[in-house]
Structures are given as C-alpha cells and as structure tokens.
Amino acid sequence: MFRPSWSWLFLLIPIFGVAWFVFAINEWPPLAGHWFPQDISAHGNIIDSLFNTILWLTGAIFVGTGIAMFLFLHKYDASYNADPVKYVHGSHVLEVVWSIIPAATLLFIAIYQMSAWANAKVLRPNQPALAEVTGRQFEWRIRYAGEDKIIGTEDDVFTVNDLHVPLNEDVVLAIKSDDVLHSFFLPNLRLKQDVVPGMKQFVWFKPLYERECDIVCAELCGWGHYKMKGRLNVVPRQEFNQWLANKRAEQETSSFTPPAIEEDDES
Amino acid sequence: MSSVTVDHAHGATHGQNAGWGHFVRTYVFSLDHKIIGLQFLFSTLLWFFVGGMLALGIRWQLAYPWQPMPIIGRLLFAEQGGQISPEFYTMLFTMHATVMIFFVIIPILAGAFGNYLIPLMIGADDMAFPTLNMLSYWFMWPAFLLIGLSFFAPGNGASSGWTSYPTLSAVKEAAPGSGMAQTLWLLGVTCVGVSSMMGSVNYLTTIIQMRAPGMTMFRLPLTIWAMFITAILQAFALPVLTAAGFMQLMDRSLGTGFFLPEGLIVNNSAAASGGGQPLLWQHLFWFYSHPAVYIMILPAMGMVSDILSCFARKPIFGYKPMVYSISAIAGLGFIVWGHHMFVSGMNPYLGMTFMVSTMMIALPSAVKVFNWLGTLWGGRIQFTTPMLFACSFVSMFVIGGLSGIFMAATPVDIFIHDTYFIVAHFHYVLFAGTAMAVFGAIYFWYPKMFGRMMNEPLGKVHFLLTFIFLNGTFYPMHILGAVGFPRRLAHPYHYETFQQTLPLNQFITWCAILMVASQVIFVFNFFFSIFFGKPAGRNPWGANSLEWQAPSPPGHGNFDFQPIVYRGPYEYGSPESDTDYYPQTQPPPDAKEGQGGSGPASHH
Ligand code: HEM
Ligand SMILES: [Cu+2]
Ligand SMILES: [Cu+2]
C-alpha cells in the first residue's frame, strides 16, 4: 500500500543511480556514445574490466545501502510508526562484521590490481623508444628516432601533433615537457602520464587496431590547454615505414633545421 | 581546570557605554564566540554566492561554448561581445574552487559552526582565547581582500587551478594569471591558513580545558569530536601548505628554484633559476590538501550524526566506533596524499603504497555509514528539514565514497584521473555531502542562533529542489568521466572522443542553473525568519545536548545556570526519562540536587 512519505524520495536514489549507468553502458539513447571510448590497446581491457569489477562491487553496496535507507525511513516514519524506539547504543558483533567484510573486499581490490599497475607503469619493454614526444604550450612535438633507432641523430624525423605508430607492435615513447606540466592522454589506449619539465619518462603500449584517434592534454597547461590536441594514427608496419620515409623526404627538401640536440638524450 | 562561572562578564562593555563604541565592540570586533561564529557564517554565505556565480560561468561555457554569456557577459567583456575567453575560463575554475574551498567550506565548518557550537555544546562560557578567536575572523579579511584584488590583476585572477601546480603557477610568463594575480592568491591563501591555525589552537584548548563538570570526553557530542579532530588535522597539516606557499612566492620573486628545473624556458622566456622539482610542490600541496578534504567533511559528519540521532529519537548507533573512525580517517588521512599523484611522474612503487593506504581509508568511512543506518533503524523518524538534509548527506556521501574506490585503484585512475569522474567524486563529497550537511545544520541551529524557527514548508521545498538538481548536475559527471571527458578544458568538443557529450553537458548546465536558482528560497527564508519566524524557545527540537538548555539566542556568557552533565548527548527514548529525550543536564531521578551524575564529576 502506498503511503505518502519522504522515504520514497530516497528510493529514487538507487533507481536513478543504476538507471544512468545501465543506459550509458548499453549505449541506449539518449546516452548512446556515453561510455568508454573504443579500446584499441592490448592492456586496456584489464583496466576496463577492473573498472567493471569495482562497478559491480560498489554498485551492490550502493543499491544495498540505498534500499536499507529507504526501508528504515519508510518503516520507521514517525507519521505511521507509534512503536517505542529501539533503545540500543550499538552492537559489537555488527561493528566487527561491517569492518571486516569491507576491509577484506578493499584489500582484495588492492592486491588484485597490482599487476595491472606494474604492467602499465613499471615493466617497460626492453627496446629503444620509437619517438620522443615533447609537450609545450600548446602542442605536442614529436621526434622519431629514424632508421638508426637513436633519438638525437641526423636521421630523426620531426612532426607536430601527428603521431604514427605501427600496428600490433610494442611501442615505447619517451615523453617530456619543455615548459609546464602537461599530460599525455590517449583515451583509446587507456594511457595517461603527466609530463614534467626536467623529467624524462617513458610510456608503452601495443595497439591492436588500425585507427586514428585523439591525443589529449589532460593537465592544465595554460590558457590554450583545451586546444592542445594531437592525433594518433595506428597503421600497419609497411605503411608506417612508408609514412616515415615520406616525412623524412619532405623534411630534406624543406628548409627545416632540427632543434638543437640535448646532451642528456641517452636512449 | 578552569571553573565555568555563570554570569561572568567579559571586558567592561556591560551597561555603561552604549552607542557607537559599544556597537563596534559587540558586533564588529566582538570577542563573543557566537558573534564571531555568525560573522563567519554571513561572510562565508556571501562568498558561497560568489563561488556559485563563478561555477555558472564554467557551466555556461561547457554548454554553449563561445556563445555570449547572458546578462553578465555584456557587462564583463563587452569588447568580446559577451564571450568567455579561454583565459577567462581558466580563471573561472581556479577561482571557483579557491573561493569554495578556502572561503566557504573550510571557514563555514570550523569558523562558523565550530565557533558557535563548541563552547555551547561543552558548557563553557566562551572560547579559551577570545581575542585570538576574534583575530582568526579578522585574518580572513586580508584574505578576502587579496583574493578579491586578484580578480582585478592582469589575467582577472589566478588561473593555474586551485592546486597551483608549478611551473605554470611559478613562472610569471607562463599564463596571463600567473603574474600579480598568482602572488595575491598565494598571500591570500596564507592568510586563510593563519586564520585557521588561530582557530585550531583555540578549539583544541577550549575542548580540552573548558568542558562543564561531568562532560567527559566520551560524553561529547560527535560534532565536538569531529571539530576536535579537525583542529588537530589543521594544526599539523597547515604549516606544510604555508611553507610551500612561501617557497612558491620565493621562486616567483626572489629567484629561488624550489620547483623549477634547470634550463626551463616558458613562453619564450628563460626562468631565472633551476635545480628544483615541480613534483615537490605536489607532494607538499597534497600533504596539506588531502587532510584538508577531511577538514572539509568531518565536522559535517559530526553535525549530521547529531541531527540524525535527534530526529530518529533514538541513541546514535555505535558512538565509540564513530569516534574511532573519525580518528582513523584523520590518521590515515596523513598517509594517502600520493593518490592525487598516481600519474604525476611519481615513482610507481610509491603509487602502490599510496593505493593500499587509500583503499584502507574507505573503511572507516564505510563504518560511519553503517552506523548512521543503524541509527535510523528502529527509530521514530521525524522528517523535519534538517533531518531531510542529514539523510541526504548519508546517501550522497555513499556515492562520493564509492567513487573514491575507483580512483584509488591505480590502473583505473590512469584512465579517469583529471576527468569528470574526479569532478563528480569531489562534488558528491563536498557539495552533496558537506554543503547539504551545512544547510541541515543551519536549519537545525538557526533557532538557537536567532531565537526563531525557519519556515518548515519553505525549507522542504528548498531541500527538494536542491536535492533533485544537485543530482542532475553531478551524477551524470560520472558518465562523462567514463567517456574520458577531461576537466579544465574550455572547449572539449573539437576532440572526436568528446564531441557527442554536448547535449549531456547542456542538461548538466540547466540543472546547475536551477540548483542555484533554488537557493533564492533559502535566502528568503533565512532573512524572513530572522524577523518573522515563530519564536523558538530554548529547545524546539527536544534535543539533549547542552546548547539547547541555554536561552535562544544565548546571552553573553551563554548559560544562565551552571550546566552539570550527567550523561551522553544521545539518550533519546531512554526508559529512565519521562519524555522521549533526556537532556544532558537533567539530574537522574535518584541523584540529589546539584551533585554530579556518575561518581565524582570527572572533569578531565
Ligand atoms: C572513501 C574515501 C575516499 C577515497 C578512497 C578517495 C579517493 C580519492 C582519490 C584517489 C582521488 C584522486 C583522484 C585523481 O585525481 O585521479 C581523490 C580526489 C579528491 N577527493 Fe577523494 N576520496 C575519498 C573521500 C573523499 C572525501 C571525504 C573528500 C572531501 C570531503 C574527498 C575530496 C576529494 C577531492 C576534493 C579530490 C580532488 C582534488 C582535485 O584534484 O582537485 N574525497 N579522492
Ligand atoms: Cu594542457
Ligand atoms: Cu585525497
């Protein structure tokens, strides 16, 4: 039976809360296209499935506490409930139960994810960097190692905001910043790393699909932060070599002078 | 041990010198904690309005990029045809966060409610150091002025984010707002720090030294426990922010290089010095600012606990576990700062340890939620306006706490860091959480502050609209985060990945506009009730804690009798009492008049 009560408002929280996600995940209108962008990397599905695992776990707690809240508010609404209140000050058993279960769950999540983190940020493939990406206000300058696979030599190829990488291969990039913080964000590869002036870092990934996609700057770098956009192009090896050769040829014929080489470039 | 004298008169302001000087001493440079609390309240509510307007500017640009802003646009930037420029946009979100954090949330909790409630709830006649207390308010004014001036400096205000990461913030040429505006910002934030520090020292001393006879630590209301722990957090974390702020000031003006690496060239001009590390700032900043997020919620949790117990008409569930979890949050709060830096370039092994500590801090938060639910269970719930706000705090905090777990998972954070997922997270804890608790607290303690009730039906309409529109504003931001939608971008729609999100952003903006508009009801209710509200009497809610036994509003010196405390503040529905509440000061039936309750009046 329906009885007017504020408790109903609180029932709407789990209902709407779940509905938003159901619509987004299933790409139902009006939320079509409002979930994770296509993942084209070898490691991205680990991140996505970790997100989903946490979504299920937290979703269960969200719905559980939401419904408990509704039921209590509904059942014990003073307008309908004349029973004397339960004069209790707590429960040791309950405190222990609801400390240990979440603690175990949280510890499980913590341990479960460590290898994914190590793969993304610690275990760099043992190979030279394909290119060096330098963030500066407000563009990404890219310098390919060229045929000799060494960055900082004659045969380097320079582009701006245009990053081509070969398909199905491990790619390592050296990333750095000239001026302020930026963040090298590839949404479709589930990759993000701040670039810090004075620090040279590496990122790595393995693209599995041919596709062009966005390079986003994800760390505030000044007024033009919003327009610091690059494009990533994943192409088969053959095509990649061709593209690099073309770029190099273009560079030879133009009056382009490569920027001074810095001493600290080791890789 | 300080004795609490009942009609103790402060200074010499009594009676003789009416007139201007009296007015100034009573209402302007007042030493009375209640007036100081109200001064904080009014100042912060004014800034709340400013912060809200800045937020609408951000939302306008995200919904209608580069389109002339209605009404205000013409006034502010006539030369651009009322458009928001990207420089202005970076200023908007920087100053929005700065105002909301440093001028609203922190001072409204500790400054307004801490000041007003601490002496009243522990049964003291005032703070331990009234002059220091007054100074803590007046030190906010240089901050107000400096940050206010910053709006008129080149760049129209600091614009390197509320986090002020170098090198963008430390090199003057890096951004239009990184010149004078940033210097003013740093000085302003330092003054807020000085103010908070004065407050903390005072709160700690007062709570330790000035409790009424019988008020043991474990008879303190949770509001006071929360204020106590918050004061400790502030006292230990603030010096680090202040030091970091001075280091940045020196990098900017004296040519030191704490945060600037060798050979830095920004915007075609070489930095004066080098040898420093931009990440150092982030460590120092978050060493303060992570504890600060708890400074921004613990007092709210305390007040919510008091409100929930009062309107469930039953004791708080798990009083001691609540106290321990507040302490655990505070303790762990000092070792999780690195979760803001997972992808900053910090050593990834360090990221792992911060991940584990961050996961663990969700635990005491969960314990608190379960205890609040336990409090509601088996009660007789009265849906007054403060109760509605308090209940919604609990639901909303659950959302904000759970989203924290996604971000604590380092691999997931790689994707969602600096996206709208983060924005959703902290608005759920700070707006849907703390700000809603503050509204609840205003409705709850208003009768004590002004002697009159706020209008209930208006309060409920205000609650309902705010509740609906806040969820419409902030909940979809989780979805934007899943798309990877970055924060702080003036125009994200030229990215292939984000272009389809414009309609959702427009929905969010309209909810935000309506949410701000709903606050008109609150403002009206607040001022109308000061003059025309129903007279409240001492204890309109039938509550237990000491402040409700004092007159409304309490006079100078607070109590017109010597409060003696016989029990904890949550004895609602006790079979020992004739009514469904049992004030802390009411002697038990068998005790003889004037004697302490259980054993010797154990006063620390
Ligand atoms: C359940 C416990 C919580 C956990 C596990 C948690 C976790 C996190 C993490 C990992 C981040 C960093 C995300 C990133 O930048 O990538 C974060 C950001 C943030 N959290 Fe929480 N959080 C919790 C509770 C809270 C509470 C209670 C508050 C405030 C009252 C809060 C306020 C914030 C703020 C303001 C930020 C963003 C700061 C910024 O980048 O501007 N969090 N949280
Ligand atoms: Cu940027
Ligand atoms: Cu934090």
# chains A, B, ... in the order shown; residues from 1 in each chain; ligands from 1
>>> interface_residues(of="chain A", to="chain B", cutoff="6 Å", atoms="only C-alpha atoms", output="PyMOL selection string")
chain A and resi 34-37+47+58+72+76-78+85-86+89-90+106+110+117+179-180+190+192-194+198+222-223+226
>>> write_last_selection(atoms="N, CA and C atoms", output="PDB file, in the first residue's frame")
ATOM      1  N   HIS A  34      28.077   7.248 -24.727  1.00  0.00           N
ATOM      2  CA  HIS A  34      28.490   7.827 -23.455  1.00  0.00           C
ATOM      3  C   HIS A  34      29.104   6.801 -22.530  1.00  0.00           C
ATOM      4  N   TRP A  35      29.951   5.949 -23.096  1.00  0.00           N
ATOM      5  CA  TRP A  35      30.675   5.039 -22.214  1.00  0.00           C
ATOM      6  C   TRP A  35      32.114   5.037 -22.692  1.00  0.00           C
ATOM      7  N   PHE A  36      32.935   4.157 -22.157  1.00  0.00           N
ATOM      8  CA  PHE A  36      34.351   4.163 -22.504  1.00  0.00           C
ATOM      9  C   PHE A  36      34.558   4.227 -24.011  1.00  0.00           C
ATOM     10  N   PRO A  37      35.485   5.045 -24.469  1.00  0.00           N
ATOM     11  CA  PRO A  37      35.807   5.053 -25.889  1.00  0.00           C
ATOM     12  C   PRO A  37      36.420   3.704 -26.292  1.00  0.00           C
ATOM     13  N   ILE A  47      42.269  -2.723 -17.585  1.00  0.00           N
ATOM     14  CA  ILE A  47      41.781  -1.538 -16.878  1.00  0.00           C
ATOM     15  C   ILE A  47      40.259  -1.483 -16.926  1.00  0.00           C
ATOM     16  N   THR A  58      30.874  -1.919  -5.974  1.00  0.00           N
ATOM     17  CA  THR A  58      30.344  -0.690  -5.377  1.00  0.00           C
ATOM     18  C   THR A  58      28.863  -0.548  -5.704  1.00  0.00           C
ATOM     19  N   PHE A  72      14.316   1.721   6.154  1.00  0.00           N
ATOM     20  CA  PHE A  72      14.292   2.262   7.515  1.00  0.00           C
ATOM     21  C   PHE A  72      13.452   3.536   7.564  1.00  0.00           C
ATOM     22  N   TYR A  76      10.010   3.309   9.697  1.00  0.00           N
ATOM     23  CA  TYR A  76      10.057   3.999  10.986  1.00  0.00           C
ATOM     24  C   TYR A  76       9.654   5.462  10.895  1.00  0.00           C
ATOM     25  N   ASP A  77       9.029   5.834   9.801  1.00  0.00           N
ATOM     26  CA  ASP A  77       8.480   7.186   9.659  1.00  0.00           C
ATOM     27  C   ASP A  77       7.521   7.452  10.820  1.00  0.00           C
ATOM     28  N   ALA A  78       7.813   8.499  11.590  1.00  0.00           N
ATOM     29  CA  ALA A  78       7.027   8.742  12.803  1.00  0.00           C
ATOM     30  C   ALA A  78       5.553   8.989  12.505  1.00  0.00           C
ATOM     31  N   VAL A  85      10.871   3.572  20.313  1.00  0.00           N
ATOM     32  CA  VAL A  85      12.112   3.386  19.559  1.00  0.00           C
ATOM     33  C   VAL A  85      12.934   2.275  20.199  1.00  0.00           C
ATOM     34  N   LYS A  86      13.801   1.682  19.385  1.00  0.00           N
ATOM     35  CA  LYS A  86      14.699   0.649  19.917  1.00  0.00           C
ATOM     36  C   LYS A  86      15.822   1.365  20.664  1.00  0.00           C
ATOM     37  N   HIS A  89      22.417   1.133  21.863  1.00  0.00           N
ATOM     38  CA  HIS A  89      23.554   2.032  21.637  1.00  0.00           C
ATOM     39  C   HIS A  89      24.555   1.487  20.650  1.00  0.00           C
ATOM     40  N   GLY A  90      24.261   0.343  20.058  1.00  0.00           N
ATOM     41  CA  GLY A  90      25.208  -0.210  19.090  1.00  0.00           C
ATOM     42  C   GLY A  90      25.317  -1.706  19.264  1.00  0.00           C
ATOM     43  N   LEU A 106      38.265  -4.532   0.263  1.00  0.00           N
ATOM     44  CA  LEU A 106      39.181  -3.480  -0.188  1.00  0.00           C
ATOM     45  C   LEU A 106      40.577  -4.029  -0.395  1.00  0.00           C
ATOM     46  N   ALA A 110      42.795  -4.123  -3.745  1.00  0.00           N
ATOM     47  CA  ALA A 110      44.142  -3.562  -3.736  1.00  0.00           C
ATOM     48  C   ALA A 110      45.149  -4.537  -4.328  1.00  0.00           C
ATOM     49  N   TRP A 117      48.920  -2.463 -12.685  1.00  0.00           N
ATOM     50  CA  TRP A 117      49.673  -1.219 -12.480  1.00  0.00           C
ATOM     51  C   TRP A 117      51.138  -1.404 -12.863  1.00  0.00           C
ATOM     52  N   ASP A 179      58.156  23.145 -20.939  1.00  0.00           N
ATOM     53  CA  ASP A 179      57.826  24.367 -20.203  1.00  0.00           C
ATOM     54  C   ASP A 179      57.043  24.127 -18.914  1.00  0.00           C
ATOM     55  N   VAL A 180      55.812  23.662 -19.044  1.00  0.00           N
ATOM     56  CA  VAL A 180      54.981  23.488 -17.854  1.00  0.00           C
ATOM     57  C   VAL A 180      54.502  22.040 -17.853  1.00  0.00           C
ATOM     58  N   ARG A 190      43.857   3.834 -23.076  1.00  0.00           N
ATOM     59  CA  ARG A 190      43.816   3.814 -21.607  1.00  0.00           C
ATOM     60  C   ARG A 190      45.171   4.188 -21.043  1.00  0.00           C
ATOM     61  N   LYS A 192      47.696   7.353 -19.668  1.00  0.00           N
ATOM     62  CA  LYS A 192      47.847   8.751 -19.271  1.00  0.00           C
ATOM     63  C   LYS A 192      49.111   8.896 -18.458  1.00  0.00           C
ATOM     64  N   GLN A 193      49.902   9.889 -18.775  1.00  0.00           N
ATOM     65  CA  GLN A 193      51.095  10.159 -17.988  1.00  0.00           C
ATOM     66  C   GLN A 193      51.379  11.657 -18.040  1.00  0.00           C
ATOM     67  N   ASP A 194      51.476  12.266 -16.866  1.00  0.00           N
ATOM     68  CA  ASP A 194      51.867  13.678 -16.844  1.00  0.00           C
ATOM     69  C   ASP A 194      53.282  13.796 -17.369  1.00  0.00           C
ATOM     70  N   GLY A 198      61.926  18.849 -16.804  1.00  0.00           N
ATOM     71  CA  GLY A 198      63.074  18.379 -16.049  1.00  0.00           C
ATOM     72  C   GLY A 198      63.083  16.878 -15.826  1.00  0.00           C
ATOM     73  N   GLY A 222      47.788  26.062 -19.159  1.00  0.00           N
ATOM     74  CA  GLY A 222      47.683  27.467 -19.522  1.00  0.00           C
ATOM     75  C   GLY A 222      46.393  27.724 -20.287  1.00  0.00           C
ATOM     76  N   TRP A 223      46.295  28.943 -20.823  1.00  0.00           N
ATOM     77  CA  TRP A 223      45.010  29.308 -21.433  1.00  0.00           C
ATOM     78  C   TRP A 223      44.667  28.436 -22.630  1.00  0.00           C
ATOM     79  N   TYR A 226      43.004  23.704 -23.723  1.00  0.00           N
ATOM     80  CA  TYR A 226      41.900  22.974 -24.391  1.00  0.00           C
ATOM     81  C   TYR A 226      42.227  22.610 -25.826  1.00  0.00           C
TER      82      TYR A 226
END
>>> residues_around(residues="stretch 157-173 of chain A", least_positions_apart="4", cutoff="7 Å", atoms="only C-alpha atoms", output="PDB file with N, CA and C atoms, in the first residue's frame")
ATOM      1  N   PRO A 128      64.354   0.259 -27.559  1.00  0.00           N
ATOM      2  CA  PRO A 128      64.524   1.713 -27.614  1.00  0.00           C
ATOM      3  C   PRO A 128      63.212   2.411 -27.948  1.00  0.00           C
ATOM      4  N   ALA A 129      63.160   3.693 -27.593  1.00  0.00           N
ATOM      5  CA  ALA A 129      61.935   4.453 -27.864  1.00  0.00           C
ATOM      6  C   ALA A 129      61.795   4.706 -29.353  1.00  0.00           C
ATOM      7  N   LEU A 130      60.558   4.547 -29.821  1.00  0.00           N
ATOM      8  CA  LEU A 130      60.267   4.809 -31.225  1.00  0.00           C
ATOM      9  C   LEU A 130      60.389   6.297 -31.511  1.00  0.00           C
ATOM     10  N   ALA A 131      59.937   7.084 -30.555  1.00  0.00           N
ATOM     11  CA  ALA A 131      59.957   8.531 -30.758  1.00  0.00           C
ATOM     12  C   ALA A 131      59.965   9.222 -29.414  1.00  0.00           C
ATOM     13  N   GLU A 132      60.265  10.489 -29.453  1.00  0.00           N
ATOM     14  CA  GLU A 132      60.214  11.303 -28.248  1.00  0.00           C
ATOM     15  C   GLU A 132      59.099  12.325 -28.431  1.00  0.00           C
ATOM     16  N   VAL A 133      58.198  12.390 -27.452  1.00  0.00           N
ATOM     17  CA  VAL A 133      57.084  13.333 -27.531  1.00  0.00           C
ATOM     18  C   VAL A 133      57.337  14.431 -26.516  1.00  0.00           C
ATOM     19  N   GLU A 139      51.274  22.454 -27.929  1.00  0.00           N
ATOM     20  CA  GLU A 139      51.344  21.431 -28.964  1.00  0.00           C
ATOM     21  C   GLU A 139      52.220  20.279 -28.507  1.00  0.00           C
ATOM     22  N   TRP A 140      52.099  19.179 -29.235  1.00  0.00           N
ATOM     23  CA  TRP A 140      52.950  18.013 -28.993  1.00  0.00           C
ATOM     24  C   TRP A 140      53.983  17.954 -30.109  1.00  0.00           C
ATOM     25  N   ARG A 141      55.271  18.071 -29.759  1.00  0.00           N
ATOM     26  CA  ARG A 141      56.318  17.958 -30.768  1.00  0.00           C
ATOM     27  C   ARG A 141      56.861  16.534 -30.739  1.00  0.00           C
ATOM     28  N   ILE A 142      56.917  15.946 -31.901  1.00  0.00           N
ATOM     29  CA  ILE A 142      57.278  14.540 -31.950  1.00  0.00           C
ATOM     30  C   ILE A 142      58.540  14.369 -32.771  1.00  0.00           C
ATOM     31  N   ARG A 143      59.455  13.572 -32.257  1.00  0.00           N
ATOM     32  CA  ARG A 143      60.731  13.391 -32.902  1.00  0.00           C
ATOM     33  C   ARG A 143      61.003  11.896 -32.998  1.00  0.00           C
ATOM     34  N   TYR A 144      60.935  11.381 -34.229  1.00  0.00           N
ATOM     35  CA  TYR A 144      61.140   9.940 -34.424  1.00  0.00           C
ATOM     36  C   TYR A 144      62.620   9.607 -34.442  1.00  0.00           C
ATOM     37  N   ALA A 145      62.951   8.448 -33.917  1.00  0.00           N
ATOM     38  CA  ALA A 145      64.352   8.050 -33.856  1.00  0.00           C
ATOM     39  C   ALA A 145      64.925   7.804 -35.247  1.00  0.00           C
ATOM     40  N   GLY A 146      64.060   7.481 -36.191  1.00  0.00           N
ATOM     41  CA  GLY A 146      64.553   7.217 -37.536  1.00  0.00           C
ATOM     42  C   GLY A 146      65.159   5.834 -37.646  1.00  0.00           C
ATOM     43  N   PHE A 202      58.948   7.417 -19.773  1.00  0.00           N
ATOM     44  CA  PHE A 202      58.570   6.565 -20.899  1.00  0.00           C
ATOM     45  C   PHE A 202      57.140   6.080 -20.730  1.00  0.00           C
ATOM     46  N   VAL A 203      56.466   5.915 -21.850  1.00  0.00           N
ATOM     47  CA  VAL A 203      55.180   5.219 -21.834  1.00  0.00           C
ATOM     48  C   VAL A 203      55.250   4.121 -22.879  1.00  0.00           C
ATOM     49  N   TRP A 204      54.429   3.089 -22.714  1.00  0.00           N
ATOM     50  CA  TRP A 204      54.454   1.998 -23.683  1.00  0.00           C
ATOM     51  C   TRP A 204      53.070   1.407 -23.843  1.00  0.00           C
ATOM     52  N   PHE A 205      52.826   0.866 -25.009  1.00  0.00           N
ATOM     53  CA  PHE A 205      51.519   0.265 -25.292  1.00  0.00           C
ATOM     54  C   PHE A 205      51.655  -0.576 -26.551  1.00  0.00           C
ATOM     55  N   LYS A 206      50.628  -1.359 -26.809  1.00  0.00           N
ATOM     56  CA  LYS A 206      50.616  -2.175 -28.019  1.00  0.00           C
ATOM     57  C   LYS A 206      49.260  -2.007 -28.685  1.00  0.00           C
ATOM     58  N   PRO A 207      49.211  -1.257 -29.785  1.00  0.00           N
ATOM     59  CA  PRO A 207      47.919  -1.029 -30.430  1.00  0.00           C
ATOM     60  C   PRO A 207      47.497  -2.242 -31.257  1.00  0.00           C
ATOM     61  N   LEU A 208      46.226  -2.603 -31.144  1.00  0.00           N
ATOM     62  CA  LEU A 208      45.746  -3.815 -31.806  1.00  0.00           C
ATOM     63  C   LEU A 208      44.810  -3.531 -32.971  1.00  0.00           C
ATOM     64  N   TYR A 209      44.419  -2.285 -33.132  1.00  0.00           N
ATOM     65  CA  TYR A 209      43.505  -1.960 -34.226  1.00  0.00           C
ATOM     66  C   TYR A 209      44.048  -0.800 -35.034  1.00  0.00           C
ATOM     67  N   GLU A 210      43.768  -0.854 -36.321  1.00  0.00           N
ATOM     68  CA  GLU A 210      44.101   0.282 -37.170  1.00  0.00           C
ATOM     69  C   GLU A 210      43.081   1.358 -36.937  1.00  0.00           C
ATOM     70  N   LYS A 229      45.724  19.547 -28.899  1.00  0.00           N
ATOM     71  CA  LYS A 229      45.238  18.269 -29.408  1.00  0.00           C
ATOM     72  C   LYS A 229      46.213  17.686 -30.413  1.00  0.00           C
ATOM     73  N   GLY A 230      46.441  16.394 -30.307  1.00  0.00           N
ATOM     74  CA  GLY A 230      47.204  15.708 -31.339  1.00  0.00           C
ATOM     75  C   GLY A 230      46.388  14.560 -31.890  1.00  0.00           C
ATOM     76  N   ARG A 231      46.935  13.916 -32.930  1.00  0.00           N
ATOM     77  CA  ARG A 231      46.241  12.751 -33.469  1.00  0.00           C
ATOM     78  C   ARG A 231      47.202  11.579 -33.506  1.00  0.00           C
ATOM     79  N   LEU A 232      46.663  10.448 -33.131  1.00  0.00           N
ATOM     80  CA  LEU A 232      47.433   9.216 -33.166  1.00  0.00           C
ATOM     81  C   LEU A 232      46.906   8.358 -34.307  1.00  0.00           C
ATOM     82  N   ASN A 233      47.837   7.831 -35.089  1.00  0.00           N
ATOM     83  CA  ASN A 233      47.453   7.002 -36.219  1.00  0.00           C
ATOM     84  C   ASN A 233      48.101   5.644 -36.097  1.00  0.00           C
ATOM     85  N   VAL A 234      47.290   4.628 -35.959  1.00  0.00           N
ATOM     86  CA  VAL A 234      47.832   3.273 -35.890  1.00  0.00           C
ATOM     87  C   VAL A 234      47.739   2.680 -37.289  1.00  0.00           C
ATOM     88  N   VAL A 235      48.888   2.338 -37.866  1.00  0.00           N
ATOM     89  CA  VAL A 235      48.892   1.821 -39.241  1.00  0.00           C
ATOM     90  C   VAL A 235      49.779   0.575 -39.297  1.00  0.00           C
ATOM     91  N   PRO A 236      49.574  -0.306 -40.280  1.00  0.00           N
ATOM     92  CA  PRO A 236      50.437  -1.483 -40.411  1.00  0.00           C
ATOM     93  C   PRO A 236      51.888  -1.067 -40.608  1.00  0.00           C
ATOM     94  N   ARG A 237      52.797  -1.945 -40.214  1.00  0.00           N
ATOM     95  CA  ARG A 237      54.223  -1.642 -40.265  1.00  0.00           C
ATOM     96  C   ARG A 237      54.662  -1.055 -41.605  1.00  0.00           C
ATOM     97  N   PHE A 240      53.606   2.357 -42.049  1.00  0.00           N
ATOM     98  CA  PHE A 240      54.325   3.211 -41.112  1.00  0.00           C
ATOM     99  C   PHE A 240      55.699   3.585 -41.676  1.00  0.00           C
ATOM    100  N   LYS A 247      57.939  11.490 -44.704  1.00  0.00           N
ATOM    101  CA  LYS A 247      58.150  12.642 -43.823  1.00  0.00           C
ATOM    102  C   LYS A 247      59.611  13.096 -43.893  1.00  0.00           C
ATOM    103  N   ARG A 248      60.472  12.097 -43.917  1.00  0.00           N
ATOM    104  CA  ARG A 248      61.894  12.408 -43.945  1.00  0.00           C
ATOM    105  C   ARG A 248      62.268  13.112 -45.242  1.00  0.00           C
TER     106      ARG A 248
END
>>> residues_near_ligand(ligand="ligand 2", cutoff="7 Å", atoms="only C-alpha atoms and all ligand atoms", output="list of chain:residue names")
A:Phe138, A:His182, A:Ser183, A:Cys217, A:Ala218, A:Glu219, A:Leu220, A:Cys221, A:Gly222, A:His225, A:Tyr226, A:Met228
>>> residues_near_ligand(ligand="ligand 3", cutoff="6 Å", atoms="only C-alpha atoms and all ligand atoms", output="CSV table (one decimal) with N, CA, C and O atoms, in the first residue's frame")
chain,number,residue,atom,x,y,z
B,290,HIS,N,45.2,16.9,1.1
B,290,HIS,CA,44.4,15.7,1.4
B,290,HIS,C,43.8,15.7,2.8
B,290,HIS,O,42.6,15.6,3.0
B,337,TRP,N,48.2,11.1,0.7
B,337,TRP,CA,48.2,12.2,-0.3
B,337,TRP,C,48.6,11.8,-1.7
B,337,TRP,O,48.2,12.5,-2.6
B,340,HIS,N,46.7,11.5,-5.2
B,340,HIS,CA,46.4,12.6,-6.2
B,340,HIS,C,47.5,12.6,-7.3
B,340,HIS,O,47.5,13.4,-8.2
>>> atom_distance(atom1="atom 6 (C, counted along the ligand's line) of ligand 1", atom2="atom CA of B:Tyr294")
10.3 Å
>>> atom_distance(atom1="atom CA of B:Glu456", atom2="atom CA of B:Gly533")
10.1 Å
>>> residues_around(residues="B:Ala550", least_positions_apart="3", cutoff="9 Å", atoms="only C-alpha atoms", output="PyMOL selection string")
chain B and resi 120+448+538-539+546-547+553-555+558-561
>>> residues_around(residues="B:Thr223", least_positions_apart="4", cutoff="9 Å", atoms="only C-alpha atoms", output="list in words")
Gly114, Leu117, Ile118, Met121, Met227, Phe228, Leu298, Pro299, Ala300, Met301, Gly302, Met303, Val304, Ser305 and Asp306 of chain B
>>> residues_around(residues="stretch 134-147 of chain B", least_positions_apart="3", cutoff="9 Å", atoms="only C-alpha atoms", output="PyMOL selection string")
chain B and resi 29-33+36-37+39-40+95+98-99+103+107+111+129-131+150-151+157-158+181+184-192+194-199
